[in-house]
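Worksheet: one structure, shown below.
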Number of protein chains: 4
Amino acid sequence: MRPDPARDSALRAKLRSVIFGTDTPAGRYFDMVLIISIIMSVALILLQTVDSMQAQYGTLMLKLEWGFTILFTVEYILRLYCSARPLKYMLSFYGVVDLLSILPSYLELLFPGANMTMVIRVLRLFRIFRVLKLIRYLSEGNMLLRAMMLSSRKIFVFFFSISLLIMVLSAIMYAVEGPANGFSSIPKSIYWTIVTITTVGYGDITPKTALGQGIASFTMLLGYSIIAIPSGIVTAEISQQIGHRRDLRRCPNCLKTGHDPEAHYCNRCGSELPEDI
Amino acid sequence: MRPDPARDSALRAKLRSVIFGTDTPAGRYFDMVLIISIIMSVALILLQTVDSMQAQYGTLMLKLEWGFTILFTVEYILRLYCSARPLKYMLSFYGVVDLLSILPSYLELLFPGANMTMVIRVLRLFRIFRVLKLIRYLSEGNMLLRAMMLSSRKIFVFFFSISLLIMVLSAIMYAVEGPANGFSSIPKSIYWTIVTITTVGYGDITPKTALGQGIASFTMLLGYSIIAIPSGIVTAEISQQIGHRRDLRRCPNCLKTGHDPEAHYCNRCGSELPEDI
Amino acid sequence: MRPDPARDSALRAKLRSVIFGTDTPAGRYFDMVLIISIIMSVALILLQTVDSMQAQYGTLMLKLEWGFTILFTVEYILRLYCSARPLKYMLSFYGVVDLLSILPSYLELLFPGANMTMVIRVLRLFRIFRVLKLIRYLSEGNMLLRAMMLSSRKIFVFFFSISLLIMVLSAIMYAVEGPANGFSSIPKSIYWTIVTITTVGYGDITPKTALGQGIASFTMLLGYSIIAIPSGIVTAEISQQIGHRRDLRRCPNCLKTGHDPEAHYCNRCGSELPEDI
Amino acid sequence: MRPDPARDSALRAKLRSVIFGTDTPAGRYFDMVLIISIIMSVALILLQTVDSMQAQYGTLMLKLEWGFTILFTVEYILRLYCSARPLKYMLSFYGVVDLLSILPSYLELLFPGANMTMVIRVLRLFRIFRVLKLIRYLSEGNMLLRAMMLSSRKIFVFFFSISLLIMVLSAIMYAVEGPANGFSSIPKSIYWTIVTITTVGYGDITPKTALGQGIASFTMLLGYSIIAIPSGIVTAEISQQIGHRRDLRRCPNCLKTGHDPEAHYCNRCGSELPEDI
């Protein structure tokens with residue numbers, strides 16, 4: 001029996017609005033269920049790596065894992081089915097992520113013991129970026145992103161200079177402390193310098209000689225003060241963005257700009273203001 | 001003997017002004033004594049957990065603890081007695097905290113060895129928030145809170161993005177380093193990633209493989225630079241708040257605004273300015 | 001033989017201008033020698049605590065130490081002699097510091113083995129604050145101090161809130177982790193919380209239980225984001241101070257303000273500007 | 001056979017434009033090859049210190065090292081040859097760095113086992129600063145440098161005060177904890193204080209006594225809050241710089257300034273704006 005093309009097309013349009021859209025109640029409900037499934041399935045992956053959980057609930061977790069895999073497989077097939085251009089969807093960022101989030105389970109069935117599949121499975125988390133469709137409306141993400149992008153050139157210059165500094169400090173520390181004190185090679189010494197300059201300070205490698213401790217102290221003070229630079233760059237940009245956004249808030253009646261983000265009425269003519277964007 | 005309702009009511013009004021008010025000398029004196037008692041009783045709880053103190057002054061500390069418990073019990077009963085609406089007080093935040101600060105001692109009498117009571121007892125500290133009635137007048141707390149609240153959406157977006165990043169980095173590190181090097185599960189790996197990205201760096205779990213140290217270095221540099229973002233968000237908001245407050249400072253005579261926080265006289269007409277709010 | 005009062009008075013005035021003043025070449029030269037002596041004598045104290053140095057150069061360092069002690073004693077007596085009001089000098093901050101910087105050596109002669117004298121001796125370093133007479137002219141110190149003072153109330157409110165938070169987190173961690181995992185008492189737990197919330201992270205005490213690591217992760221993320229608050233407060237104040245200073249820079253001819261800190265000529269009338277203060 | 005002076009001079013001029021210049025395709029190509037060679041040769045030095053690499057690819061790496069040495073030697077000779085004033089080039093910063101980057105290999109041939117040569121060899125990295133000729137055009141580096149220089153006096157005052165603080169805290173900790181707990185001398189105690197105040201926190205030396213942990217907690221909170229100061233100084237300066245740069249962006253037609261960094265057309269008269277500098 002051939003399906004009726006018109007009815008089929010209507011069904012696909014309806015499905016599309018539910019699965020891809022966010023403006024119908026069903027679409028929003030679908031998104032909500034999807035987000036919860038994604039979070040739960042990722043939590044499941046995390047717990048599957050805990051030995052004690054594995055020992056106690058191993059079979060239950062495997063069943064749940066297959067439940068989610070089948071759920072996401074059905075969703076993937078539906079997306080392919082109702083998409084206007086299935087191939088374009090398959091090759092898009094979300095299409096690849098959607099495939100990657102179901103593939104590992106099937107692969108493990110074929111090739112048991114493939115440990116790397118877990119990392120791929122965690123990529124399932126990226127599906128949550130769909131929720132960013134909502135966040136984008138908050139405009140906050142956009143603003144932070146814009147501040148980041150505007151300061152990216154300055155931050156690149158900063159990291160380029162820092163890299164040279166780290167390299168030279170690492171070579172000096174390698175020569176001063178040497179393999180006997182844990183600085184077994186320059187790459188390891190670079191690891192130590194980054195641990196120190198970012199003020200992380202694990203303490204797995206520490207200078208033992210007086211001179212080494214002196215240079216380490218200098219490195220720390222350096223890291224402590226230059227942390228101010230990326231901080232300053234981003235702060236300055238965000239400040240500008242906030243000021244800019246305030247300038248964009250315009251009274252629809254008298255066109256006065258520069259209103260407080262919390263203001264509901266224009267403080268010159270009393271007209272109601274549009275919501276802060 | 002029935003108490004005289006008028007005299008009783010006058011007593012309660014007087015008590016209320018002392019216990020709940022801060023505008024009479026007696027009320028301020030009561031608040032002071034209360035704050036000192038709270039601080040001392042919390043200090044006592046802390047010291048009771050120190051073994052050497054317990055061994056030497058155990059009985060003395062127990063007596064003091066009961067002294068404070070009785071004092072706070074009397075205070076609680078008085079508050080109930082003089083409050084206009086006792087039930088409303090009982091169910092308010094402060095009423096619950098007041099009850100929680102005396103209950104554990106009595107509970108321990110009934111069920112000895114209940115270790116969790118100590119945490120509840122420390123909540124006694126929250127009673128000190130009453131002092132915030134004073135701090136609120138300083139307006140500084142308000143301002144910081146306002147800056148926090150205005151930037152809460154941006155900070156939420158920031159933490160949402162960071163969480164995804166932490167999750168993915170954790171899964172990668174779990175796959176790269178594995179249980180042999182202390183990354184025994186993804187949740188533990190998440191703990192490590194947070195320790196690293198916040199630049200805390202305990203060093204209880206550290207990468208051992210070259211690839212792991214490379215990814216760790218990247219994580220540190222990332223944490224080191226993105227710390228700039230919440231910093232920038234809050235700084236920008238506080239800057240705006242300070243500017244806003246200055247705008248609110250208005251000469252009562254000529255209405256000029258924008259005075260220096262330390263200015264005592266209007267710099268246009270010379271009139272005395274109100275205290276900086 | 002009685003000294004000639006007039007000649008004596010002239011000598012004292014001359015000495016005073018050399019020792020207390022900074023506006024004659026001799027006074028500046030004296031200050032320079034004094035600063036170098038202070039730095040060298042403090043460096044000597046540091047080196048005296050190093051065992052290997054003590055073993056090799058012990059006698060030499062003792063001799064040098066006595067040399068500095070005698071030098072500072074002579075200086076102290078001269079200051080007393082030429083001071084207009086010797087008693088006022090003796091009781092002033094610098095008078096006490098000057099006395100404290102020579103006393104320990106003599107005390108050690110009387111009571112050998114007094115270990116605490118070293119700390120007092122390091123206080124000798126405070127004498128270097130005399131050099132702040134010079135730094136004060138730089139006006140930078142003043143500006144930073146002013147920014148600090150203007151934000152001190154906000155910072156107090158911040159630290160008050162943080163303290164409550166630290167206390168509650170410490171009690172929870174003590175209950176969760178317990179003495180078996182190194183959280184042997186609430187005061188020790190407070191020490192751990194401060195180590196964690198400030199992102200220092202020694203790693204001498206670390207959470208072992210899953211719940212404890214979860215709370216620790218929360219504490220770290222908290223510390224990581226609230227570091228933004230003092231940073232924001234101080235940045236906002238310093239920004240205001242820099243803007244304020246620029247406003248104070250005024251062309252002596254046309255009175256235009258707001259000149260660039262590097263500008264040498266007024267950009268409206270071309271008159272030479274006074275040095276940036 | 002004497003070379004033809006005219007042809008020789010033309011050759012030198014051509015070589016000069018390729019080697020020193022960046023405005024011809026050949027010059028840019030030469031720079032690109034040079035940068036890649038520098039990066040590869042530095043990477044080689046790093047890998048040569050890794051034992052496992054040395055064991056497996058030792059001979060290959062030695063050959064590559066000699067290849068780079070010869071390449072850089074030829075480049076150095078060519079630079080000397082085509083430079084207008086060879087001696088001036090030799091004594092310039094880049095001339096010295098160029099010599100230092102080839103000398104160690106030859107020295108090691110003469111005096112085998114000289115370990116310090118590696119540090120000198122890493123200085124080869126400084127040659128990459130030539131690329132800063134390009135970065136300078138980005139103007140970002142300049143801006144950051146300007147912000148740094150403008151705040152250098154404030155940062156000096158800050159570090160001077162911090163140094164005094166570190167010294168006093170170190171002496172106190174040395175007296176409180178003593179050599180038994182790892183604070184074996186005041187210089188070591190200074191190392192600990194810097195590790196703590198910069199929030200690095202290796203954990204190789206940690207306070208053991210209750211009093212020591214209290215002072216350590218104070219030191220951490222101090223470090224945690226004063227990190228705000230350099231951060232505030234630099235942020236304020238960068239903000240000013242960004243504002244300043246915007247002021248410099250001027251419409252060539254109507255001379256209006258203060259355009260957005262992304263604006264392509266003047267928002268008053270619609271003329272095209274010059275690229276953001």
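Each chain in the structure tokens gets a letter, A, B and so on, in the order shown; residues start at 1 in every chain, and ligands are counted from 1 in the order they appear.
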Mind dumping a table of every chain B residue within 6 Å of chain C, with the nearest atom pair and its distance in Å to one decimal, using only C-alpha atoms, sorted by chain and rising number, as CSV?
```
residue,atom,partner,partner_atom,distance
B:Leu46,CA,C:Ile186,CA,5.3
B:Thr49,CA,C:Ser185,CA,4.8
B:Val50,CA,C:Ser185,CA,5.0
B:Val119,CA,C:Ala171,CA,5.4
B:Glu140,CA,C:Lys154,CA,5.5
B:Thr198,CA,C:Tyr224,CA,5.7
B:Thr199,CA,C:Thr199,CA,5.9
B:Val200,CA,C:Thr199,CA,4.0
B:Gly201,CA,C:Gly201,CA,5.4
B:Tyr202,CA,C:Gly203,CA,4.0
B:Gly203,CA,C:Gly203,CA,5.8
B:Ser231,CA,C:Ala228,CA,4.1
B:Val234,CA,C:Gly232,CA,5.9
B:Thr235,CA,C:Gly232,CA,3.7
B:Ser239,CA,C:Ala236,CA,4.9
```
Could you pull the residues within 12 Å of stretch 92-99 of chain B, counting only C-alpha atoms, minus those fewer than 6 positions along the same chain, as a ChimeraX atom specification?
/B:20,34,38,69,71-80,83,85-86,105-107,120-131
From atom CA of A:Asn181 to atom CA of D:Ile45 the spacing works out at 20.1 Å
B:Glu65: which residues within 10 Å, counting only C-alpha atoms, same-chain residues fewer than 5 positions away excluded, as JSON, numbers by chain?
{"B": [40, 41, 42, 44, 45, 48, 59, 60, 70, 71, 105]}
Using N, CA, C and O atoms, can you export the residues from the last selection as a PDB file, in the first residue's frame?
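The result, stored in selection17.pdb:
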```pdb
ATOM      1  N   MET B  40      30.381  33.788  70.873  1.00  0.00           N
ATOM      2  CA  MET B  40      31.032  32.950  71.880  1.00  0.00           C
ATOM      3  C   MET B  40      30.517  31.517  71.823  1.00  0.00           C
ATOM      4  O   MET B  40      31.293  30.560  71.954  1.00  0.00           O
ATOM      5  N   SER B  41      29.199  31.356  71.621  1.00  0.00           N
ATOM      6  CA  SER B  41      28.655  29.997  71.618  1.00  0.00           C
ATOM      7  C   SER B  41      29.108  29.226  70.384  1.00  0.00           C
ATOM      8  O   SER B  41      29.338  28.017  70.441  1.00  0.00           O
ATOM      9  N   VAL B  42      29.267  29.937  69.265  1.00  0.00           N
ATOM     10  CA  VAL B  42      29.770  29.258  68.064  1.00  0.00           C
ATOM     11  C   VAL B  42      31.235  28.886  68.259  1.00  0.00           C
ATOM     12  O   VAL B  42      31.654  27.772  67.916  1.00  0.00           O
ATOM     13  N   LEU B  44      32.583  28.168  70.968  1.00  0.00           N
ATOM     14  CA  LEU B  44      32.546  27.018  71.872  1.00  0.00           C
ATOM     15  C   LEU B  44      32.321  25.723  71.090  1.00  0.00           C
ATOM     16  O   LEU B  44      32.997  24.710  71.326  1.00  0.00           O
ATOM     17  N   ILE B  45      31.375  25.770  70.140  1.00  0.00           N
ATOM     18  CA  ILE B  45      31.098  24.571  69.323  1.00  0.00           C
ATOM     19  C   ILE B  45      32.346  24.141  68.582  1.00  0.00           C
ATOM     20  O   ILE B  45      32.696  22.961  68.525  1.00  0.00           O
ATOM     21  N   GLN B  48      34.818  22.560  70.940  1.00  0.00           N
ATOM     22  CA  GLN B  48      34.387  21.248  71.442  1.00  0.00           C
ATOM     23  C   GLN B  48      34.809  20.106  70.524  1.00  0.00           C
ATOM     24  O   GLN B  48      34.862  18.962  70.950  1.00  0.00           O
ATOM     25  N   THR B  59      34.380  19.111  80.594  1.00  0.00           N
ATOM     26  CA  THR B  59      33.251  19.364  81.491  1.00  0.00           C
ATOM     27  C   THR B  59      32.897  20.842  81.505  1.00  0.00           C
ATOM     28  O   THR B  59      31.709  21.207  81.442  1.00  0.00           O
ATOM     29  N   LEU B  60      33.926  21.699  81.572  1.00  0.00           N
ATOM     30  CA  LEU B  60      33.682  23.140  81.570  1.00  0.00           C
ATOM     31  C   LEU B  60      32.920  23.532  80.306  1.00  0.00           C
ATOM     32  O   LEU B  60      31.922  24.270  80.356  1.00  0.00           O
ATOM     33  N   ILE B  70      20.442  27.447  77.584  1.00  0.00           N
ATOM     34  CA  ILE B  70      19.384  27.988  78.442  1.00  0.00           C
ATOM     35  C   ILE B  70      19.149  29.464  78.117  1.00  0.00           C
ATOM     36  O   ILE B  70      18.006  29.918  77.981  1.00  0.00           O
ATOM     37  N   LEU B  71      20.262  30.213  77.942  1.00  0.00           N
ATOM     38  CA  LEU B  71      20.141  31.637  77.602  1.00  0.00           C
ATOM     39  C   LEU B  71      19.311  31.811  76.332  1.00  0.00           C
ATOM     40  O   LEU B  71      18.375  32.621  76.287  1.00  0.00           O
ATOM     41  N   SER B 105      20.848  20.691  71.427  1.00  0.00           N
ATOM     42  CA  SER B 105      21.292  20.341  72.776  1.00  0.00           C
ATOM     43  C   SER B 105      20.276  19.443  73.460  1.00  0.00           C
ATOM     44  O   SER B 105      20.636  18.457  74.115  1.00  0.00           O
TER      45      SER B 105
END
```
Those of stretch 132-224 of chain B in DSSP helix (DSSP H, G or I), formatted as a ChimeraX atom specification
/B:132-138,140-150,152-177,179-181,186-197,210-224
